[in-house]
Amino acid sequence: MKINQKYKGVLMIILSAFCFALMNMFVRLSGDLPTPEKGFFRNLIAFIFALAIMLKNKDSFHFQRKNLPLLLGRSLAGTLGILCNFYAVDHLALGDASILNKMSPFFAIVFSLIFLKERLTLPQVGILTLAFVGAMFVVKPSFSNAEFFPSLCGLLGGISAGAAYSMVRALGVRGEKGSFIVLFFSGVSCLSMIPFMIFDFKMFTLSQLVMLLLAGLSAAGGQFSITAAYTYAPAREISIYDYSQIIFASALGFFVFSDIPDIFSLVGYVVIVIAAIVMFLYNNRQAE
């Protein structure tokens with residue numbers, strides 16, 4: 001792989017991290033709307049953007065039939081990841097929700113074993129275990145902890161996102177264009193949320209609509225950036241830079257919502273980031 005491709009991947013993944021941090025902020029600012037309703041608007045904007053880009057570039061809407069299972073799997077995993085992440089964002093400190101979602105690069109490596117047949121070595125297993133221990137500091141498993149369920153949802157969102165991103169990488173390797181991957185995912189995700197909205201729809205105010213639209217725009221930027229990043233370079237080489245979202249999210253959470261993580265969450269942040277750095281260094285050493 002040419003080195004300039006890797007640099008493109010790094011820039012795209014940092015841009016996506018900033019966009020997704022903004023998305024989480026706007027999601028919480030949209031208030032007490034049902035989670036599927038927030039997810040629908042988030043993906044509707046992404047769908048419109050992807051459609052406009054494909055029409056402008058006169059891209060084909062054709063895809064390889066053999067890739068349909070991966071496209072559907074990416075869409076379902078991504079939808080579950082969004083719903084779990086949005087629920088966590090509404091019920092946790094923004095930094096906590098983001099760090100749990102950022103378990104996704106670790107699980108992307110795990111799922112790459114399935115979809116890309118990339119080997120998982122014993123040191124990688126140890127590092128993944130360390131990251132999971134860090135996640136438990138954030139989750140703080142206890143039935144007396146009011147944030148236990150939202151934290152589990154946040155962790156499940158990270159697992160689902162990891163599966164989705166590994167499938168994005170597999171689709172990119174198989175020749176599917178990023179804009180079509182986003183279009184397909186956004187369309188399937190919107191359709192899957194309509195039944196939930198029919199039974200639990202809450203009319204939004206003008207300010208809530210503005211926040212939803214801004215969340216959708218931020219998500220579209222993040223979605224295109226992350227899709228481009230993982231088609232430019234493998235997860236093992238660039239996933240570490242996705243953790244810049246924690247910095248963006250913590251800063252936004254502090255200045256906008258006055259979020260202050262507790263000591264256990266801070267320990268979890270440090271452990272997970274250390275695990276991410278060790279994984280990054282190990283994978284690059286193996287690649288060399």
# chains A, B, ... in the order shown; residues from 1 in each chain; ligands from 1

$ residues_around --residues "Ile277 of chain A" --least-positions-apart "3" --cutoff "10 Å" --atoms "only C-alpha atoms" --output "number ranges by chain"
A: 127, 239-241, 243, 271-274, 280-283

$ closest_atom_pairs --of "segment 136-177 of chain A" --to "segment 204-228 of chain A" --cutoff "12 Å" --atoms "only C-alpha atoms" --output "JSON lines"
{"residue": "A:Ala161", "atom": "CA", "partner": "A:Ile226", "partner_atom": "CA", "distance": 11.2}
{"residue": "A:Gly162", "atom": "CA", "partner": "A:Ile226", "partner_atom": "CA", "distance": 11.9}
{"residue": "A:Ala164", "atom": "CA", "partner": "A:Thr227", "partner_atom": "CA", "distance": 10.3}
{"residue": "A:Tyr165", "atom": "CA", "partner": "A:Thr227", "partner_atom": "CA", "distance": 7.9}
{"residue": "A:Ser166", "atom": "CA", "partner": "A:Thr227", "partner_atom": "CA", "distance": 10.4}
{"residue": "A:Met167", "atom": "CA", "partner": "A:Thr227", "partner_atom": "CA", "distance": 10.4}
{"residue": "A:Val168", "atom": "CA", "partner": "A:Thr227", "partner_atom": "CA", "distance": 6.7}
{"residue": "A:Arg169", "atom": "CA", "partner": "A:Thr227", "partner_atom": "CA", "distance": 8.1}
{"residue": "A:Ala170", "atom": "CA", "partner": "A:Thr227", "partner_atom": "CA", "distance": 11.2}
{"residue": "A:Leu171", "atom": "CA", "partner": "A:Thr227", "partner_atom": "CA", "distance": 10.1}
{"residue": "A:Gly172", "atom": "CA", "partner": "A:Thr227", "partner_atom": "CA", "distance": 8.7}
{"residue": "A:Val173", "atom": "CA", "partner": "A:Ala228", "partner_atom": "CA", "distance": 12.0}
{"residue": "A:Glu176", "atom": "CA", "partner": "A:Thr227", "partner_atom": "CA", "distance": 11.0}
{"residue": "A:Lys177", "atom": "CA", "partner": "A:Ala228", "partner_atom": "CA", "distance": 9.2}

$ closest_atom_pairs --of "segment 91-181 of chain A" --to "segment 248-252 of chain A" --cutoff "8 Å" --atoms "only C-alpha atoms" --output "JSON lines"
{"residue": "A:Leu94", "atom": "CA", "partner": "A:Ala249", "partner_atom": "CA", "distance": 6.0}
{"residue": "A:Gly95", "atom": "CA", "partner": "A:Ser250", "partner_atom": "CA", "distance": 4.6}
{"residue": "A:Ser98", "atom": "CA", "partner": "A:Ala249", "partner_atom": "CA", "distance": 6.7}

$ residues_around --residues "Ser151 of chain A" --least-positions-apart "6" --cutoff "9 Å" --atoms "only C-alpha atoms" --output "MDAnalysis selection string"
chainID A and resid 88 91:92 96:97 100 138:141

$ write_last_selection --atoms "N, CA and C atoms" --output "PDB file, in the first residue's frame"
ATOM      1  N   ALA A  88     -27.002   5.641  24.855  1.00  0.00           N
ATOM      2  CA  ALA A  88     -25.928   5.924  25.807  1.00  0.00           C
ATOM      3  C   ALA A  88     -25.647   7.421  25.892  1.00  0.00           C
ATOM      4  N   HIS A  91     -28.012   9.204  28.157  1.00  0.00           N
ATOM      5  CA  HIS A  91     -28.074   8.816  29.563  1.00  0.00           C
ATOM      6  C   HIS A  91     -26.725   8.819  30.281  1.00  0.00           C
ATOM      7  N   LEU A  92     -25.635   9.066  29.560  1.00  0.00           N
ATOM      8  CA  LEU A  92     -24.311   9.068  30.161  1.00  0.00           C
ATOM      9  C   LEU A  92     -23.600  10.386  29.877  1.00  0.00           C
ATOM     10  N   ASP A  96     -18.054   9.365  28.492  1.00  0.00           N
ATOM     11  CA  ASP A  96     -18.273   7.945  28.771  1.00  0.00           C
ATOM     12  C   ASP A  96     -18.897   7.244  27.574  1.00  0.00           C
ATOM     13  N   ALA A  97     -19.925   7.861  26.994  1.00  0.00           N
ATOM     14  CA  ALA A  97     -20.590   7.272  25.837  1.00  0.00           C
ATOM     15  C   ALA A  97     -19.613   7.123  24.670  1.00  0.00           C
ATOM     16  N   LEU A 100     -16.918   4.249  25.268  1.00  0.00           N
ATOM     17  CA  LEU A 100     -17.506   2.920  25.078  1.00  0.00           C
ATOM     18  C   LEU A 100     -17.729   2.639  23.593  1.00  0.00           C
ATOM     19  N   VAL A 138     -15.476   1.890  33.043  1.00  0.00           N
ATOM     20  CA  VAL A 138     -16.455   2.892  32.610  1.00  0.00           C
ATOM     21  C   VAL A 138     -17.876   2.382  32.859  1.00  0.00           C
ATOM     22  N   VAL A 139     -18.113   1.113  32.542  1.00  0.00           N
ATOM     23  CA  VAL A 139     -19.444   0.527  32.711  1.00  0.00           C
ATOM     24  C   VAL A 139     -19.815   0.432  34.188  1.00  0.00           C
ATOM     25  N   LYS A 140     -18.808   0.080  35.031  1.00  0.00           N
ATOM     26  CA  LYS A 140     -19.017  -0.098  36.478  1.00  0.00           C
ATOM     27  C   LYS A 140     -20.178  -1.054  36.741  1.00  0.00           C
ATOM     28  N   PRO A 141     -20.024  -2.337  36.347  1.00  0.00           N
ATOM     29  CA  PRO A 141     -21.131  -3.291  36.448  1.00  0.00           C
ATOM     30  C   PRO A 141     -21.635  -3.471  37.873  1.00  0.00           C
TER      31      PRO A 141
END

$ select_by_dssp --residues "segment 122-201 of chain A" --states "helix (DSSP H, G or I)" --output "NGL selection string"
:A and (122-139 or 148-173 or 178-199)

$ residues_around --residues "Pro195 of chain A" --least-positions-apart "4" --cutoff "12 Å" --atoms "only C-alpha atoms" --output "count of residues only"
9

$ closest_residue --among "A:Ala108, A:Leu183, A:Leu70, A:Ala131" --to "Ile53 of chain A" --atoms "only C-alpha atoms"
A:Leu183

$ closest_residue --among "A:Phe264, A:Tyr269, A:Phe86, A:Phe61" --to "Phe26 of chain A" --atoms "only C-alpha atoms"
A:Phe86

$ atom_distance --atom1 "atom CA of Tyr232 of chain A" --atom2 "atom CA of Leu116 of chain A"
15.3 Å

$ residues_around --residues "Asp90 of chain A" --least-positions-apart "5" --cutoff "10 Å" --atoms "only C-alpha atoms" --output "PyMOL selection string"
chain A and resi 24-25+27-33+35+85+97+150

$ closest_residue --among "A:Leu51, A:Phe184, A:Ser192, A:Phe149" --to "Gly39 of chain A" --atoms "only C-alpha atoms"
A:Ser192

$ decode --residues "segment 223-269 of chain A" --atoms "N, CA and C atoms" --output "PDB file, in the first residue's frame"
ATOM      1  N   GLN A 223     -19.705   9.735   8.572  1.00  0.00           N
ATOM      2  CA  GLN A 223     -19.897   8.467   7.870  1.00  0.00           C
ATOM      3  C   GLN A 223     -19.049   8.386   6.606  1.00  0.00           C
ATOM      4  N   PHE A 224     -19.058   9.468   5.833  1.00  0.00           N
ATOM      5  CA  PHE A 224     -18.250   9.473   4.612  1.00  0.00           C
ATOM      6  C   PHE A 224     -16.763   9.418   4.946  1.00  0.00           C
ATOM      7  N   SER A 225     -16.376  10.109   6.020  1.00  0.00           N
ATOM      8  CA  SER A 225     -14.960  10.134   6.402  1.00  0.00           C
ATOM      9  C   SER A 225     -14.488   8.771   6.885  1.00  0.00           C
ATOM     10  N   ILE A 226     -15.292   8.117   7.740  1.00  0.00           N
ATOM     11  CA  ILE A 226     -14.875   6.819   8.281  1.00  0.00           C
ATOM     12  C   ILE A 226     -14.887   5.754   7.189  1.00  0.00           C
ATOM     13  N   THR A 227     -15.841   5.858   6.271  1.00  0.00           N
ATOM     14  CA  THR A 227     -15.890   4.904   5.165  1.00  0.00           C
ATOM     15  C   THR A 227     -14.664   5.066   4.278  1.00  0.00           C
ATOM     16  N   ALA A 228     -14.308   6.323   3.998  1.00  0.00           N
ATOM     17  CA  ALA A 228     -13.114   6.584   3.195  1.00  0.00           C
ATOM     18  C   ALA A 228     -11.861   6.106   3.914  1.00  0.00           C
ATOM     19  N   ALA A 229     -11.811   6.343   5.236  1.00  0.00           N
ATOM     20  CA  ALA A 229     -10.626   5.971   6.011  1.00  0.00           C
ATOM     21  C   ALA A 229     -10.346   4.482   5.925  1.00  0.00           C
ATOM     22  N   TYR A 230     -11.392   3.665   6.121  1.00  0.00           N
ATOM     23  CA  TYR A 230     -11.187   2.219   6.138  1.00  0.00           C
ATOM     24  C   TYR A 230     -11.074   1.614   4.743  1.00  0.00           C
ATOM     25  N   THR A 231     -11.376   2.391   3.720  1.00  0.00           N
ATOM     26  CA  THR A 231     -11.097   1.910   2.367  1.00  0.00           C
ATOM     27  C   THR A 231      -9.694   2.337   1.920  1.00  0.00           C
ATOM     28  N   TYR A 232      -9.145   3.388   2.574  1.00  0.00           N
ATOM     29  CA  TYR A 232      -7.774   3.799   2.270  1.00  0.00           C
ATOM     30  C   TYR A 232      -6.745   2.904   2.954  1.00  0.00           C
ATOM     31  N   ALA A 233      -7.068   2.448   4.175  1.00  0.00           N
ATOM     32  CA  ALA A 233      -6.066   1.713   4.945  1.00  0.00           C
ATOM     33  C   ALA A 233      -6.726   0.715   5.885  1.00  0.00           C
ATOM     34  N   PRO A 234      -5.997  -0.347   6.260  1.00  0.00           N
ATOM     35  CA  PRO A 234      -6.542  -1.350   7.187  1.00  0.00           C
ATOM     36  C   PRO A 234      -6.754  -0.771   8.579  1.00  0.00           C
ATOM     37  N   ALA A 235      -7.680  -1.360   9.326  1.00  0.00           N
ATOM     38  CA  ALA A 235      -7.991  -0.894  10.681  1.00  0.00           C
ATOM     39  C   ALA A 235      -6.755  -0.922  11.574  1.00  0.00           C
ATOM     40  N   ARG A 236      -5.896  -1.932  11.412  1.00  0.00           N
ATOM     41  CA  ARG A 236      -4.745  -2.079  12.301  1.00  0.00           C
ATOM     42  C   ARG A 236      -3.764  -0.917  12.179  1.00  0.00           C
ATOM     43  N   GLU A 237      -3.802  -0.175  11.050  1.00  0.00           N
ATOM     44  CA  GLU A 237      -2.837   0.890  10.825  1.00  0.00           C
ATOM     45  C   GLU A 237      -3.353   2.274  11.204  1.00  0.00           C
ATOM     46  N   ILE A 238      -4.652   2.465  11.238  1.00  0.00           N
ATOM     47  CA  ILE A 238      -5.174   3.820  11.458  1.00  0.00           C
ATOM     48  C   ILE A 238      -6.178   3.926  12.602  1.00  0.00           C
ATOM     49  N   SER A 239      -6.604   2.798  13.160  1.00  0.00           N
ATOM     50  CA  SER A 239      -7.682   2.843  14.153  1.00  0.00           C
ATOM     51  C   SER A 239      -7.325   3.653  15.392  1.00  0.00           C
ATOM     52  N   ILE A 240      -6.045   3.750  15.730  1.00  0.00           N
ATOM     53  CA  ILE A 240      -5.628   4.505  16.917  1.00  0.00           C
ATOM     54  C   ILE A 240      -6.095   5.960  16.850  1.00  0.00           C
ATOM     55  N   TYR A 241      -6.120   6.526  15.653  1.00  0.00           N
ATOM     56  CA  TYR A 241      -6.475   7.940  15.506  1.00  0.00           C
ATOM     57  C   TYR A 241      -7.964   8.189  15.730  1.00  0.00           C
ATOM     58  N   ASP A 242      -8.752   7.122  15.721  1.00  0.00           N
ATOM     59  CA  ASP A 242     -10.175   7.265  15.994  1.00  0.00           C
ATOM     60  C   ASP A 242     -10.412   7.709  17.430  1.00  0.00           C
ATOM     61  N   TYR A 243      -9.421   7.500  18.303  1.00  0.00           N
ATOM     62  CA  TYR A 243      -9.559   7.867  19.712  1.00  0.00           C
ATOM     63  C   TYR A 243      -9.469   9.370  19.947  1.00  0.00           C
ATOM     64  N   SER A 244      -9.173  10.116  18.923  1.00  0.00           N
ATOM     65  CA  SER A 244      -9.227  11.579  19.056  1.00  0.00           C
ATOM     66  C   SER A 244     -10.650  12.035  19.353  1.00  0.00           C
ATOM     67  N   GLN A 245     -11.652  11.178  19.060  1.00  0.00           N
ATOM     68  CA  GLN A 245     -13.037  11.540  19.369  1.00  0.00           C
ATOM     69  C   GLN A 245     -13.240  11.717  20.867  1.00  0.00           C
ATOM     70  N   ILE A 246     -12.494  10.979  21.684  1.00  0.00           N
ATOM     71  CA  ILE A 246     -12.627  11.108  23.134  1.00  0.00           C
ATOM     72  C   ILE A 246     -12.247  12.515  23.579  1.00  0.00           C
ATOM     73  N   ILE A 247     -11.198  13.060  22.965  1.00  0.00           N
ATOM     74  CA  ILE A 247     -10.771  14.424  23.291  1.00  0.00           C
ATOM     75  C   ILE A 247     -11.851  15.415  22.881  1.00  0.00           C
ATOM     76  N   PHE A 248     -12.336  15.265  21.651  1.00  0.00           N
ATOM     77  CA  PHE A 248     -13.383  16.171  21.166  1.00  0.00           C
ATOM     78  C   PHE A 248     -14.647  16.053  22.021  1.00  0.00           C
ATOM     79  N   ALA A 249     -15.064  14.810  22.304  1.00  0.00           N
ATOM     80  CA  ALA A 249     -16.308  14.587  23.046  1.00  0.00           C
ATOM     81  C   ALA A 249     -16.199  15.086  24.486  1.00  0.00           C
ATOM     82  N   SER A 250     -15.072  14.821  25.130  1.00  0.00           N
ATOM     83  CA  SER A 250     -14.891  15.268  26.517  1.00  0.00           C
ATOM     84  C   SER A 250     -14.903  16.787  26.608  1.00  0.00           C
ATOM     85  N   ALA A 251     -14.264  17.444  25.638  1.00  0.00           N
ATOM     86  CA  ALA A 251     -14.252  18.904  25.629  1.00  0.00           C
ATOM     87  C   ALA A 251     -15.659  19.463  25.409  1.00  0.00           C
ATOM     88  N   LEU A 252     -16.389  18.907  24.450  1.00  0.00           N
ATOM     89  CA  LEU A 252     -17.753  19.357  24.194  1.00  0.00           C
ATOM     90  C   LEU A 252     -18.655  19.071  25.393  1.00  0.00           C
ATOM     91  N   GLY A 253     -18.487  17.889  25.993  1.00  0.00           N
ATOM     92  CA  GLY A 253     -19.297  17.527  27.147  1.00  0.00           C
ATOM     93  C   GLY A 253     -19.071  18.466  28.315  1.00  0.00           C
ATOM     94  N   PHE A 254     -17.817  18.848  28.521  1.00  0.00           N
ATOM     95  CA  PHE A 254     -17.491  19.742  29.641  1.00  0.00           C
ATOM     96  C   PHE A 254     -18.028  21.146  29.407  1.00  0.00           C
ATOM     97  N   PHE A 255     -17.784  21.696  28.218  1.00  0.00           N
ATOM     98  CA  PHE A 255     -18.154  23.087  27.954  1.00  0.00           C
ATOM     99  C   PHE A 255     -19.642  23.270  27.672  1.00  0.00           C
ATOM    100  N   VAL A 256     -20.293  22.255  27.091  1.00  0.00           N
ATOM    101  CA  VAL A 256     -21.705  22.392  26.728  1.00  0.00           C
ATOM    102  C   VAL A 256     -22.633  21.840  27.805  1.00  0.00           C
ATOM    103  N   PHE A 257     -22.259  20.697  28.422  1.00  0.00           N
ATOM    104  CA  PHE A 257     -23.150  20.037  29.392  1.00  0.00           C
ATOM    105  C   PHE A 257     -22.583  19.992  30.804  1.00  0.00           C
ATOM    106  N   SER A 258     -21.385  20.536  30.996  1.00  0.00           N
ATOM    107  CA  SER A 258     -20.711  20.502  32.308  1.00  0.00           C
ATOM    108  C   SER A 258     -20.474  19.067  32.783  1.00  0.00           C
ATOM    109  N   ASP A 259     -20.230  18.153  31.860  1.00  0.00           N
ATOM    110  CA  ASP A 259     -19.944  16.758  32.201  1.00  0.00           C
ATOM    111  C   ASP A 259     -18.560  16.648  32.834  1.00  0.00           C
ATOM    112  N   ILE A 260     -18.490  15.949  33.962  1.00  0.00           N
ATOM    113  CA  ILE A 260     -17.209  15.668  34.607  1.00  0.00           C
ATOM    114  C   ILE A 260     -17.166  14.174  34.924  1.00  0.00           C
ATOM    115  N   PRO A 261     -16.376  13.388  34.207  1.00  0.00           N
ATOM    116  CA  PRO A 261     -16.305  11.937  34.450  1.00  0.00           C
ATOM    117  C   PRO A 261     -15.801  11.635  35.862  1.00  0.00           C
ATOM    118  N   ASP A 262     -16.298  10.532  36.467  1.00  0.00           N
ATOM    119  CA  ASP A 262     -15.803  10.150  37.784  1.00  0.00           C
ATOM    120  C   ASP A 262     -14.453   9.455  37.662  1.00  0.00           C
ATOM    121  N   ILE A 263     -13.843   9.141  38.806  1.00  0.00           N
ATOM    122  CA  ILE A 263     -12.485   8.599  38.809  1.00  0.00           C
ATOM    123  C   ILE A 263     -12.411   7.250  38.110  1.00  0.00           C
ATOM    124  N   PHE A 264     -13.466   6.414  38.268  1.00  0.00           N
ATOM    125  CA  PHE A 264     -13.457   5.107  37.609  1.00  0.00           C
ATOM    126  C   PHE A 264     -13.488   5.258  36.095  1.00  0.00           C
ATOM    127  N   SER A 265     -14.292   6.195  35.608  1.00  0.00           N
ATOM    128  CA  SER A 265     -14.350   6.427  34.161  1.00  0.00           C
ATOM    129  C   SER A 265     -13.012   6.923  33.640  1.00  0.00           C
ATOM    130  N   LEU A 266     -12.369   7.816  34.396  1.00  0.00           N
ATOM    131  CA  LEU A 266     -11.071   8.339  33.967  1.00  0.00           C
ATOM    132  C   LEU A 266     -10.032   7.215  33.893  1.00  0.00           C
ATOM    133  N   VAL A 267     -10.054   6.317  34.889  1.00  0.00           N
ATOM    134  CA  VAL A 267      -9.152   5.163  34.849  1.00  0.00           C
ATOM    135  C   VAL A 267      -9.434   4.321  33.600  1.00  0.00           C
ATOM    136  N   GLY A 268     -10.733   4.112  33.319  1.00  0.00           N
ATOM    137  CA  GLY A 268     -11.118   3.359  32.127  1.00  0.00           C
ATOM    138  C   GLY A 268     -10.625   4.016  30.858  1.00  0.00           C
ATOM    139  N   TYR A 269     -10.753   5.365  30.773  1.00  0.00           N
ATOM    140  CA  TYR A 269     -10.262   6.091  29.601  1.00  0.00           C
ATOM    141  C   TYR A 269      -8.778   5.773  29.377  1.00  0.00           C
TER     142      TYR A 269
END
